[in-house]
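What follows is start-v3.cif (mmCIF, C-alpha atoms).
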data_query
#
loop_
_atom_site.group_PDB
_atom_site.id
_atom_site.type_symbol
_atom_site.label_atom_id
_atom_site.label_comp_id
_atom_site.auth_asym_id
_atom_site.auth_seq_id
_atom_site.Cartn_x
_atom_site.Cartn_y
_atom_site.Cartn_z
ATOM 1 C CA MET A 1 66.822 -30.522 77.823
ATOM 2 C CA LYS A 2 63.576 -32.441 78.322
ATOM 3 C CA THR A 3 65.520 -35.697 78.237
ATOM 4 C CA ILE A 4 67.825 -34.453 81.015
ATOM 5 C CA GLU A 5 64.854 -33.264 83.070
ATOM 6 C CA LYS A 6 63.164 -36.658 82.723
ATOM 7 C CA ALA A 7 66.363 -38.430 83.755
ATOM 8 C CA LEU A 8 66.748 -36.234 86.828
ATOM 9 C CA ALA A 9 63.112 -36.823 87.782
ATOM 10 C CA LEU A 10 63.589 -40.572 87.424
ATOM 11 C CA ILE A 11 66.709 -40.473 89.626
ATOM 12 C CA LEU A 12 64.799 -38.469 92.257
ATOM 13 C CA VAL A 13 61.960 -40.987 92.279
ATOM 14 C CA LEU A 14 64.379 -43.896 92.589
ATOM 15 C CA CYS A 15 66.196 -42.229 95.481
ATOM 16 C CA LEU A 16 62.894 -41.545 97.220
ATOM 17 C CA CYS A 17 61.805 -45.165 96.770
ATOM 18 C CA CYS A 18 65.109 -46.463 98.082
ATOM 19 C CA GLY A 19 64.830 -44.184 101.089
ATOM 20 C CA LEU A 20 61.308 -45.392 101.825
ATOM 21 C CA ALA A 21 62.396 -49.015 101.429
ATOM 22 C CA ALA A 22 65.270 -48.494 103.842
ATOM 23 C CA ALA A 23 62.916 -46.867 106.325
ATOM 24 C CA ALA A 24 60.545 -49.801 106.030
ATOM 25 C CA PHE A 25 63.279 -52.198 107.143
ATOM 26 C CA ALA A 26 64.680 -50.147 110.019
ATOM 27 C CA SER A 27 63.443 -49.070 113.423
ATOM 28 C CA THR A 28 65.114 -47.390 116.347
ATOM 29 C CA PHE A 29 65.735 -48.473 119.917
ATOM 30 C CA THR A 30 66.832 -46.236 122.786
ATOM 31 C CA ASP A 31 69.238 -48.119 125.021
ATOM 32 C CA ALA A 32 69.755 -47.730 128.761
ATOM 33 C CA HIS A 33 72.341 -44.985 128.204
ATOM 34 C CA GLY A 34 69.989 -42.924 126.039
ATOM 35 C CA ASN A 35 71.665 -43.835 122.759
ATOM 36 C CA VAL A 36 69.291 -44.157 119.810
ATOM 37 C CA ILE A 37 70.370 -47.122 117.697
ATOM 38 C CA GLU A 38 69.032 -48.245 114.339
ATOM 39 C CA LEU A 39 67.902 -51.861 114.084
ATOM 40 C CA ASP A 40 67.521 -54.077 111.035
ATOM 41 C CA ASP A 41 63.881 -55.186 110.976
ATOM 42 C CA THR A 42 64.604 -57.895 108.410
ATOM 43 C CA LEU A 43 66.401 -60.052 111.001
ATOM 44 C CA GLU A 44 64.363 -62.790 112.651
ATOM 45 C CA ALA A 45 65.247 -65.870 114.681
ATOM 46 C CA TYR A 46 63.454 -68.508 116.706
ATOM 47 C CA ALA A 47 63.979 -69.894 120.201
ATOM 48 C CA GLU A 48 62.486 -73.368 120.551
ATOM 49 C CA ASN A 49 62.443 -73.003 124.348
ATOM 50 C CA PRO A 50 62.173 -69.941 126.603
ATOM 51 C CA LEU A 51 65.555 -68.434 127.490
ATOM 52 C CA PHE A 52 65.404 -66.838 130.922
ATOM 53 C CA GLY A 53 66.885 -63.454 131.826
ATOM 54 C CA ALA A 54 63.979 -61.430 133.246
ATOM 55 C CA GLU A 55 63.251 -60.973 136.958
ATOM 56 C CA ASN A 56 66.942 -61.243 137.889
ATOM 57 C CA ALA A 57 67.110 -64.887 136.798
ATOM 58 C CA ALA A 58 70.704 -64.625 135.582
ATOM 59 C CA ARG A 59 71.831 -63.047 138.874
ATOM 60 C CA ARG A 60 70.850 -66.082 140.958
ATOM 61 C CA GLY A 61 72.631 -68.858 139.087
ATOM 62 C CA GLU A 62 73.253 -70.381 135.703
ATOM 63 C CA THR A 63 70.469 -69.916 133.148
ATOM 64 C CA ASN A 64 70.036 -71.178 129.615
ATOM 65 C CA LEU A 65 70.126 -67.570 128.369
ATOM 66 C CA GLY A 66 73.425 -67.069 130.193
ATOM 67 C CA ASP A 67 74.866 -70.203 128.563
ATOM 68 C CA PHE A 68 73.716 -69.086 125.136
ATOM 69 C CA TRP A 69 75.023 -65.536 125.549
ATOM 70 C CA ALA A 70 78.437 -66.608 126.834
ATOM 71 C CA ASP A 71 78.687 -69.231 124.082
ATOM 72 C CA ALA A 72 78.154 -66.511 121.475
ATOM 73 C CA LEU A 73 81.123 -64.559 122.818
ATOM 74 C CA ARG A 74 83.399 -67.588 123.015
ATOM 75 C CA TRP A 75 82.368 -68.670 119.499
ATOM 76 C CA PHE A 76 83.238 -65.191 118.242
ATOM 77 C CA ALA A 77 86.800 -65.640 119.498
ATOM 78 C CA VAL A 78 87.378 -69.325 118.736
ATOM 79 C CA SER A 79 85.966 -69.041 115.202
ATOM 80 C CA GLY A 80 88.352 -66.205 114.393
ATOM 81 C CA ARG A 81 85.526 -63.798 113.517
ATOM 82 C CA ILE A 82 86.850 -61.473 116.217
ATOM 83 C CA ASN A 83 90.001 -60.870 114.161
ATOM 84 C CA GLU A 84 88.093 -58.504 111.882
ATOM 85 C CA TYR A 85 87.213 -56.201 114.781
ATOM 86 C CA PHE A 86 90.523 -55.248 116.378
ATOM 87 C CA GLU A 87 91.062 -51.498 116.649
ATOM 88 C CA GLU A 88 93.362 -49.821 114.135
ATOM 89 C CA ASP A 89 95.951 -49.073 116.836
ATOM 90 C CA ASP A 90 95.970 -52.750 117.847
ATOM 91 C CA VAL A 91 96.451 -53.862 114.267
ATOM 92 C CA THR A 92 99.318 -51.401 113.802
ATOM 93 C CA ALA A 93 100.932 -52.806 116.948
ATOM 94 C CA GLY A 94 100.503 -56.370 115.686
ATOM 95 C CA ASN A 95 97.622 -57.320 117.968
ATOM 96 C CA THR A 96 95.366 -58.911 115.351
ATOM 97 C CA GLN A 97 94.119 -62.150 116.886
ATOM 98 C CA ILE A 98 93.544 -63.980 120.170
ATOM 99 C CA GLU A 99 96.885 -65.046 121.641
ATOM 100 C CA ALA A 100 95.585 -68.309 123.097
ATOM 101 C CA ASP A 101 94.506 -71.685 121.795
ATOM 102 C CA ALA A 102 90.863 -72.757 122.000
ATOM 103 C CA ASP A 103 91.456 -74.706 125.232
ATOM 104 C CA HIS A 104 92.492 -71.466 126.938
ATOM 105 C CA ILE A 105 89.639 -69.260 125.698
ATOM 106 C CA VAL A 106 86.665 -68.699 128.006
ATOM 107 C CA ALA A 107 83.803 -66.208 128.090
ATOM 108 C CA LEU A 108 82.296 -64.509 131.139
ATOM 109 C CA TRP A 109 79.163 -62.381 131.124
ATOM 110 C CA ASN A 110 77.656 -60.685 134.178
ATOM 111 C CA GLY A 111 74.062 -61.734 134.844
ATOM 112 C CA GLY A 112 72.992 -58.174 135.603
ATOM 113 C CA ASN A 113 73.335 -57.387 131.892
ATOM 114 C CA LEU A 114 70.731 -59.950 130.846
ATOM 115 C CA ARG A 115 67.424 -58.142 131.337
ATOM 116 C CA ALA A 116 64.684 -59.991 129.432
ATOM 117 C CA ASP A 117 63.556 -63.426 128.236
ATOM 118 C CA LEU A 118 63.659 -64.685 124.666
ATOM 119 C CA GLU A 119 60.922 -66.989 123.443
ATOM 120 C CA GLY A 120 59.533 -68.107 120.092
ATOM 121 C CA LYS A 121 60.079 -65.820 117.113
ATOM 122 C CA PHE A 122 62.101 -62.714 117.970
ATOM 123 C CA ASP A 123 63.850 -59.888 116.196
ATOM 124 C CA MET A 124 66.723 -57.485 116.826
ATOM 125 C CA GLU A 125 64.574 -55.188 118.970
ATOM 126 C CA GLU A 126 63.739 -58.021 121.369
ATOM 127 C CA LEU A 127 67.419 -58.957 121.513
ATOM 128 C CA ALA A 128 68.194 -55.334 122.372
ATOM 129 C CA GLN A 129 65.778 -55.565 125.299
ATOM 130 C CA VAL A 130 67.842 -58.435 126.696
ATOM 131 C CA LEU A 131 70.951 -56.234 126.597
ATOM 132 C CA PRO A 132 69.885 -52.574 126.650
ATOM 133 C CA TYR A 133 73.499 -51.356 126.802
ATOM 134 C CA PRO A 134 75.993 -50.417 124.048
ATOM 135 C CA ASN A 135 78.570 -52.976 125.195
ATOM 136 C CA LYS A 136 81.469 -53.980 122.975
ATOM 137 C CA VAL A 137 83.418 -57.230 123.035
ATOM 138 C CA ALA A 138 86.649 -57.126 125.026
ATOM 139 C CA VAL A 139 89.533 -59.540 125.551
ATOM 140 C CA VAL A 140 91.281 -59.736 128.918
ATOM 141 C CA TYR A 141 94.290 -62.004 129.432
ATOM 142 C CA MET A 142 94.311 -63.452 132.957
ATOM 143 C CA THR A 143 96.309 -66.014 134.838
ATOM 144 C CA GLY A 144 94.314 -68.869 136.291
ATOM 145 C CA ALA A 145 94.764 -67.340 139.732
ATOM 146 C CA GLN A 146 93.284 -64.050 138.513
ATOM 147 C CA LEU A 147 90.419 -65.873 136.828
ATOM 148 C CA LYS A 148 89.575 -67.631 140.079
ATOM 149 C CA GLU A 149 89.661 -64.340 141.991
ATOM 150 C CA ALA A 150 87.417 -62.744 139.353
ATOM 151 C CA LEU A 151 84.795 -65.444 139.918
ATOM 152 C CA GLU A 152 85.166 -65.244 143.704
ATOM 153 C CA ALA A 153 84.542 -61.487 143.678
ATOM 154 C CA ALA A 154 81.704 -61.790 141.160
ATOM 155 C CA SER A 155 79.902 -64.347 143.352
ATOM 156 C CA GLN A 156 80.330 -62.544 146.659
ATOM 157 C CA ALA A 157 76.648 -61.606 147.118
ATOM 158 C CA LEU A 158 75.236 -65.111 146.586
ATOM 159 C CA PRO A 159 72.773 -66.443 147.523
ATOM 160 C CA CYS A 160 70.744 -63.789 145.741
ATOM 161 C CA THR A 161 67.648 -62.294 147.363
ATOM 162 C CA GLU A 162 65.412 -59.339 146.567
ATOM 163 C CA GLU A 163 67.377 -57.291 149.093
ATOM 164 C CA ASN A 164 70.823 -57.883 147.568
ATOM 165 C CA ALA A 165 69.868 -58.273 143.891
ATOM 166 C CA SER A 166 71.893 -55.188 142.928
ATOM 167 C CA ALA A 167 75.074 -56.753 144.308
ATOM 168 C CA CYS A 168 74.257 -60.036 142.539
ATOM 169 C CA ALA A 169 74.441 -58.246 139.175
ATOM 170 C CA SER A 170 78.145 -59.156 139.051
ATOM 171 C CA PHE A 171 77.511 -62.922 139.036
ATOM 172 C CA MET A 172 79.156 -64.450 135.962
ATOM 173 C CA GLN A 173 77.534 -66.675 133.386
ATOM 174 C CA ALA A 174 80.229 -68.732 131.667
ATOM 175 C CA SER A 175 81.311 -70.574 128.554
ATOM 176 C CA GLY A 176 84.384 -72.781 128.344
ATOM 177 C CA LEU A 177 84.609 -73.499 132.043
ATOM 178 C CA LYS A 178 82.760 -75.089 134.934
ATOM 179 C CA TYR A 179 82.894 -73.702 138.446
ATOM 180 C CA THR A 180 81.326 -74.163 141.874
ATOM 181 C CA VAL A 181 80.301 -71.508 144.393
ATOM 182 C CA ASP A 182 79.990 -72.804 147.950
ATOM 183 C CA THR A 183 77.722 -70.271 149.654
ATOM 184 C CA ALA A 184 78.198 -72.057 152.984
ATOM 185 C CA GLN A 185 81.641 -70.448 152.986
ATOM 186 C CA ALA A 186 81.578 -66.772 153.952
ATOM 187 C CA TYR A 187 83.032 -64.287 151.498
ATOM 188 C CA ASP A 188 86.174 -62.664 152.915
ATOM 189 C CA PRO A 189 85.703 -58.943 152.149
ATOM 190 C CA GLY A 190 88.658 -56.638 151.738
ATOM 191 C CA GLU A 191 88.679 -53.025 150.595
ATOM 192 C CA ALA A 192 85.304 -51.662 149.453
ATOM 193 C CA TYR A 193 84.917 -51.489 145.687
ATOM 194 C CA GLY A 194 82.080 -49.588 144.047
ATOM 195 C CA ASP A 195 78.615 -49.304 145.562
ATOM 196 C CA HIS A 196 77.945 -52.923 146.512
ATOM 197 C CA TRP A 197 81.183 -54.898 146.360
ATOM 198 C CA PHE A 198 84.445 -55.645 148.149
ATOM 199 C CA ARG A 199 87.771 -56.943 146.932
ATOM 200 C CA ALA A 200 88.497 -60.552 147.887
ATOM 201 C CA ASN A 201 90.861 -60.865 150.840
ATOM 202 C CA SER A 202 91.126 -64.612 150.289
ATOM 203 C CA LEU A 203 89.615 -67.237 148.001
ATOM 204 C CA SER A 204 87.377 -69.736 149.733
ATOM 205 C CA ARG A 205 84.021 -69.908 147.929
ATOM 206 C CA VAL A 206 84.888 -70.645 144.311
ATOM 207 C CA THR A 207 86.413 -73.756 142.780
ATOM 208 C CA ILE A 208 87.081 -73.970 139.053
ATOM 209 C CA ASP A 209 86.320 -77.552 138.149
ATOM 210 C CA GLU A 210 87.605 -77.563 134.551
ATOM 211 C CA VAL A 211 88.402 -75.330 131.599
ATOM 212 C CA ASN A 212 87.252 -76.601 128.216
ATOM 213 C CA GLY A 213 87.409 -80.156 129.494
ATOM 214 C CA GLN A 214 90.978 -79.730 130.775
ATOM 215 C CA PRO A 215 92.265 -79.387 134.352
ATOM 216 C CA PHE A 216 92.292 -75.824 135.647
ATOM 217 C CA ASP A 217 95.788 -74.342 135.928
ATOM 218 C CA GLU A 218 96.372 -71.340 138.207
ATOM 219 C CA GLU A 219 99.598 -70.464 136.373
ATOM 220 C CA ALA A 220 98.241 -70.725 132.827
ATOM 221 C CA VAL A 221 97.159 -67.643 130.891
ATOM 222 C CA TYR A 222 93.543 -67.597 129.708
ATOM 223 C CA ALA A 223 91.911 -65.264 127.191
ATOM 224 C CA VAL A 224 88.661 -64.096 128.790
ATOM 225 C CA ILE A 225 86.081 -62.780 126.335
ATOM 226 C CA THR A 226 83.754 -60.313 128.034
ATOM 227 C CA SER A 227 82.413 -56.745 127.751
ATOM 228 C CA ASN A 228 84.170 -53.395 127.706
ATOM 229 C CA ALA A 229 82.359 -52.637 130.982
ATOM 230 C CA ASN A 230 84.048 -55.531 132.784
ATOM 231 C CA PHE A 231 87.338 -54.652 131.067
ATOM 232 C CA ASN A 232 87.063 -51.229 132.699
ATOM 233 C CA GLY A 233 86.252 -52.609 136.163
ATOM 234 C CA MET A 234 82.447 -52.396 136.356
ATOM 235 C CA ASP A 235 80.653 -53.911 139.376
ATOM 236 C CA SER A 236 83.047 -56.340 141.106
ATOM 237 C CA SER A 237 85.413 -56.577 138.126
ATOM 238 C CA TYR A 238 88.481 -54.933 139.650
ATOM 239 C CA ILE A 239 90.645 -57.915 138.692
ATOM 240 C CA PHE A 240 89.585 -57.586 135.030
ATOM 241 C CA LYS A 241 90.849 -54.018 134.997
ATOM 242 C CA GLU A 242 94.116 -54.917 136.724
ATOM 243 C CA ALA A 243 94.745 -57.867 134.417
ATOM 244 C CA ALA A 244 93.983 -55.753 131.339
ATOM 245 C CA GLU A 245 96.428 -53.082 132.451
ATOM 246 C CA ALA A 246 99.115 -55.723 133.064
ATOM 247 C CA ASN A 247 98.862 -57.318 129.606
ATOM 248 C CA GLU A 248 99.045 -54.993 126.610
ATOM 249 C CA LYS A 249 97.391 -57.596 124.381
ATOM 250 C CA SER A 250 94.155 -57.118 126.349
ATOM 251 C CA THR A 251 91.857 -54.892 124.323
ATOM 252 C CA ILE A 252 88.373 -53.627 123.554
ATOM 253 C CA THR A 253 87.313 -54.443 120.003
ATOM 254 C CA THR A 254 84.956 -52.525 117.751
ATOM 255 C CA ALA A 255 82.396 -55.369 117.799
ATOM 256 C CA VAL A 256 79.027 -54.544 119.394
ATOM 257 C CA VAL A 257 77.936 -57.421 121.634
ATOM 258 C CA ARG A 258 74.341 -57.546 120.353
ATOM 259 C CA ASP A 259 75.627 -57.820 116.776
ATOM 260 C CA VAL A 260 77.989 -60.624 117.796
ATOM 261 C CA VAL A 261 75.150 -62.547 119.437
ATOM 262 C CA TRP A 262 73.130 -62.213 116.247
ATOM 263 C CA LEU A 263 76.099 -63.423 114.195
ATOM 264 C CA TYR A 264 76.229 -66.511 116.403
ATOM 265 C CA ILE A 265 72.502 -67.112 115.901
ATOM 266 C CA ALA A 266 72.773 -66.751 112.136
ATOM 267 C CA GLU A 267 76.104 -68.416 111.391
ATOM 268 C CA ALA A 268 76.427 -71.093 114.085
ATOM 269 C CA LEU A 269 72.772 -71.875 114.858
ATOM 270 C CA ASN A 270 71.101 -71.237 111.478
ATOM 271 C CA ASN A 271 68.690 -68.776 113.136
ATOM 272 C CA VAL A 272 67.233 -71.367 115.524
ATOM 273 C CA ILE A 273 68.184 -71.594 119.206
ATOM 274 C CA GLY A 274 67.425 -75.255 119.676
ATOM 275 C CA GLU A 275 67.305 -78.039 122.240
ATOM 276 C CA ALA A 276 70.932 -77.520 123.295
ATOM 277 C CA TYR A 277 69.681 -74.488 125.234
ATOM 278 C CA ALA A 278 66.456 -75.973 126.578
ATOM 279 C CA GLN A 279 67.975 -76.053 130.067
ATOM 280 C CA PRO A 280 71.098 -74.728 131.803
ATOM 281 C CA GLN A 281 73.998 -76.972 130.846
ATOM 282 C CA GLY A 282 75.491 -77.637 134.267
ATOM 283 C CA ARG A 283 78.422 -75.242 134.064
ATOM 284 C CA ILE A 284 77.870 -73.516 137.394
ATOM 285 C CA ASN A 285 77.081 -75.239 140.660
ATOM 286 C CA VAL A 286 75.818 -72.871 143.344
ATOM 287 C CA LYS A 287 75.733 -74.883 146.560
#

Translate this file's structure into structure tokens.
Amino acid sequence: MKTIEKALALILVLCLCCGLAAAAFASTFTDAHGNVIELDDTLEAYAENPLFGAENAARRGETNLGDFWADALRWFAVSGRINEYFEEDDVTAGNTQIEADADHIVALWNGGNLRADLEGKFDMEELAQVLPYPNKVAVVYMTGAQLKEALEAASQALPCTEENASACASFMQASGLKYTVDTAQAYDPGEAYGDHWFRANSLSRVTIDEVNGQPFDEEAVYAVITSNANFNGMDSSYIFKEAAEANEKSTITTAVVRDVVWLYIAEALNNVIGEAYAQPQGRINVK
């Protein structure tokens, strides 16, 4: 009996120690929707140069943080890591991977969802401050014509000022494509959409210069890696929602965006965001 009692006591002590150890390596963060999420305090990375997202930087034009963030999403798709995160219903229906080659995969991320800078050593909590939303990775299949309209609508408020910063939240940071916004051309507003935006009556401001080093094709189908919020039509993203509804392969995965960004840091960058992201990479030209 004493032997059993000693064994039970030892098990209790071990469980208590394990619980304390787990607590020592975890903290919580309350996101912008009030969700309390648990963070792994053992994760650390380093940014050799400041990555800019605070003070609406990513709403005005291309930033190095925007390049980095969009690259993480595109890497997630091109590397095949996304295949592990398709919903059970998708898998049952045979939707288990991106139905596009690497030349036709791009990533778009709205600048309004980049809220803080990253600099020097940082952890998961600081990454969560950049994106304080529970976004998941989504795939939307679009024709080139739809992709161009998506960028036209997203850029409608440029140039960005303090007065129209809310409308500029839709501006898209990009990976896998280069585009130009000519703000000398007036946006042609159609039907009102949401609080700050209008559908595009015509396309006159945006030119897509290339896609993954290849000529842009309005008739081609592109896999656009983005967030569930854009998938569902947030901000100016009406064309994302329409394209998703038109192509049953479009889907929201189970992958949390912050976790995907950390995977990119760890697996593709060896925990160091280096000189490649010292400056914006010239993907977006806002005239």

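Among A:Gly111, A:Gly53, A:Gly176, A:Gly274, the residue with the shortest atom-to-atom distance to Ala77 of chain A, counting all atoms listed in the file, is A:Gly176.
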
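Remark: for Asp182 of chain A, the closest of the candidate residues A:Leu108, A:Ile208, A:Leu263, A:Ala169 is A:Ile208 (distances computed over only C-alpha atoms).
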
Using the file's own x, y and z axes, what box holds all listed atoms of segment 55-65 of chain A with 3 Å on each side, keeping edges along x, y and z, and what are its centre and edge lengths in Å to one decimal, as JSON?
{"center_x": 68.3, "center_y": -66.1, "center_z": 134.7, "size_x": 16.0, "size_y": 16.2, "size_z": 18.6}

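Computed from the coordinates, the atom CA of Cys168 of chain A to atom CA of Val130 of chain A distance equals 17.2 Å.
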
Residue IDs satisfying the PyMOL selection byres ((chain A and resi 174) around 7), as a PyMOL selection string: chain A and resi 67+70+107-109+172-173+175-177

Output check: residues returned by the PyMOL selection byres ((chain A and resi 93-106) around 9), as a count of residues only: 39

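The shell of residues at most 9 Å from Asn232 of chain A, with all atoms listed in the file counted and near chain neighbours (fewer than 3 positions) removed, consists of Ser227, Asn228, Ala229, Ser237, Tyr238, Phe240, Lys241, Glu242 and Ala244 of chain A.
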
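If you look at atom CA of Pro159 of chain A and atom CA of Thr183 of chain A, they are 6.6 Å away from each other.
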
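Put simply, atom CA of Thr254 of chain A is 26.2 Å away from atom CA of Asp117 of chain A.
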
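Closest approach to Phe122 of chain A among A:Ala246, A:Ala45, A:Ala54, A:Ile265 is made by A:Ala45 (distances from all atoms listed in the file).
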
Selection near Glu218 of chain A, 8 Å with only C-alpha atoms, sequence-local residues under 2 positions removed, as an NGL selection string: :A and (143-146 or 148 or 216 or 220)

Output the selection as a PDB file, keeping the file's coordinate frame - C-alpha atoms for each residue.
ATOM      1  CA  THR A 143      96.309 -66.014 134.838  1.00  0.00           C
ATOM      2  CA  GLY A 144      94.314 -68.869 136.291  1.00  0.00           C
ATOM      3  CA  ALA A 145      94.764 -67.340 139.732  1.00  0.00           C
ATOM      4  CA  GLN A 146      93.284 -64.050 138.513  1.00  0.00           C
ATOM      5  CA  LYS A 148      89.575 -67.631 140.079  1.00  0.00           C
ATOM      6  CA  PHE A 216      92.292 -75.824 135.647  1.00  0.00           C
ATOM      7  CA  ALA A 220      98.241 -70.725 132.827  1.00  0.00           C
TER       8      ALA A 220
END

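For the file shown, the residue list from the PyMOL selection byres ((chain A and resi 194) around 9) reads A:Ala192, A:Tyr193, A:Asp195, A:His196, A:Trp197, A:Phe198, A:Met234, A:Asp235, A:Ser236.
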
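Candidate residues A:Ala153, A:Phe76, A:Glu163, A:Gln279 were compared for distance to Val256 of chain A, and the nearest is A:Phe76, using only C-alpha atoms.
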
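The smallest atom-to-atom distance between Pro50 of chain A and any of A:Arg115, A:Arg199, A:Arg81, A:Lys121, using all atoms listed in the file, is found for A:Lys121.
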
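Among the candidate residues A:Asn56, A:Glu44, A:Ala200, A:Trp69, the one lying nearest to Val257 of chain A is A:Trp69, with distances computed using all atoms listed in the file.
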
Would you kindly place N, CA and C atoms on segment 239-258 of chain A and return the model as a PDB file, in the frame of the given file?
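Result written to selection-v9.pdb:
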ATOM      1  N   ILE A 239      89.540 -57.079 139.170  1.00  0.00           N
ATOM      2  CA  ILE A 239      90.645 -57.915 138.692  1.00  0.00           C
ATOM      3  C   ILE A 239      90.717 -57.914 137.172  1.00  0.00           C
ATOM      4  N   PHE A 240      89.574 -57.724 136.488  1.00  0.00           N
ATOM      5  CA  PHE A 240      89.585 -57.586 135.030  1.00  0.00           C
ATOM      6  C   PHE A 240      90.413 -56.360 134.639  1.00  0.00           C
ATOM      7  N   LYS A 241      90.149 -55.263 135.312  1.00  0.00           N
ATOM      8  CA  LYS A 241      90.849 -54.018 134.997  1.00  0.00           C
ATOM      9  C   LYS A 241      92.344 -54.144 135.262  1.00  0.00           C
ATOM     10  N   GLU A 242      92.703 -54.756 136.388  1.00  0.00           N
ATOM     11  CA  GLU A 242      94.116 -54.917 136.724  1.00  0.00           C
ATOM     12  C   GLU A 242      94.814 -55.846 135.737  1.00  0.00           C
ATOM     13  N   ALA A 243      94.149 -56.930 135.366  1.00  0.00           N
ATOM     14  CA  ALA A 243      94.745 -57.867 134.417  1.00  0.00           C
ATOM     15  C   ALA A 243      94.905 -57.220 133.041  1.00  0.00           C
ATOM     16  N   ALA A 244      93.913 -56.432 132.637  1.00  0.00           N
ATOM     17  CA  ALA A 244      93.983 -55.753 131.339  1.00  0.00           C
ATOM     18  C   ALA A 244      95.141 -54.767 131.296  1.00  0.00           C
ATOM     19  N   GLU A 245      95.337 -54.056 132.395  1.00  0.00           N
ATOM     20  CA  GLU A 245      96.428 -53.082 132.451  1.00  0.00           C
ATOM     21  C   GLU A 245      97.797 -53.763 132.455  1.00  0.00           C
ATOM     22  N   ALA A 246      97.845 -55.004 132.953  1.00  0.00           N
ATOM     23  CA  ALA A 246      99.115 -55.723 133.064  1.00  0.00           C
ATOM     24  C   ALA A 246      99.519 -56.415 131.762  1.00  0.00           C
ATOM     25  N   ASN A 247      98.568 -56.622 130.859  1.00  0.00           N
ATOM     26  CA  ASN A 247      98.862 -57.318 129.606  1.00  0.00           C
ATOM     27  C   ASN A 247      98.412 -56.455 128.435  1.00  0.00           C
ATOM     28  N   GLU A 248      99.362 -55.944 127.676  1.00  0.00           N
ATOM     29  CA  GLU A 248      99.045 -54.993 126.610  1.00  0.00           C
ATOM     30  C   GLU A 248      98.257 -55.618 125.459  1.00  0.00           C
ATOM     31  N   LYS A 249      98.195 -56.936 125.402  1.00  0.00           N
ATOM     32  CA  LYS A 249      97.391 -57.596 124.381  1.00  0.00           C
ATOM     33  C   LYS A 249      95.889 -57.531 124.708  1.00  0.00           C
ATOM     34  N   SER A 250      95.561 -57.286 125.982  1.00  0.00           N
ATOM     35  CA  SER A 250      94.155 -57.118 126.349  1.00  0.00           C
ATOM     36  C   SER A 250      93.605 -55.894 125.624  1.00  0.00           C
ATOM     37  N   THR A 251      92.367 -55.990 125.143  1.00  0.00           N
ATOM     38  CA  THR A 251      91.857 -54.892 124.323  1.00  0.00           C
ATOM     39  C   THR A 251      90.338 -54.905 124.248  1.00  0.00           C
ATOM     40  N   ILE A 252      89.795 -53.762 123.881  1.00  0.00           N
ATOM     41  CA  ILE A 252      88.373 -53.627 123.554  1.00  0.00           C
ATOM     42  C   ILE A 252      88.269 -53.556 122.044  1.00  0.00           C
ATOM     43  N   THR A 253      87.471 -54.421 121.461  1.00  0.00           N
ATOM     44  CA  THR A 253      87.313 -54.443 120.003  1.00  0.00           C
ATOM     45  C   THR A 253      86.219 -53.471 119.573  1.00  0.00           C
ATOM     46  N   THR A 254      86.015 -53.388 118.282  1.00  0.00           N
ATOM     47  CA  THR A 254      84.956 -52.525 117.751  1.00  0.00           C
ATOM     48  C   THR A 254      83.627 -53.268 117.643  1.00  0.00           C
ATOM     49  N   ALA A 255      83.599 -54.546 117.983  1.00  0.00           N
ATOM     50  CA  ALA A 255      82.396 -55.369 117.799  1.00  0.00           C
ATOM     51  C   ALA A 255      81.361 -55.086 118.883  1.00  0.00           C
ATOM     52  N   VAL A 256      80.140 -54.762 118.474  1.00  0.00           N
ATOM     53  CA  VAL A 256      79.027 -54.544 119.394  1.00  0.00           C
ATOM     54  C   VAL A 256      78.481 -55.911 119.815  1.00  0.00           C
ATOM     55  N   VAL A 257      78.307 -56.103 121.114  1.00  0.00           N
ATOM     56  CA  VAL A 257      77.936 -57.421 121.634  1.00  0.00           C
ATOM     57  C   VAL A 257      76.646 -57.937 121.022  1.00  0.00           C
ATOM     58  N   ARG A 258      75.615 -57.087 120.931  1.00  0.00           N
ATOM     59  CA  ARG A 258      74.341 -57.546 120.353  1.00  0.00           C
ATOM     60  C   ARG A 258      74.538 -58.066 118.931  1.00  0.00           C
TER      61      ARG A 258
END
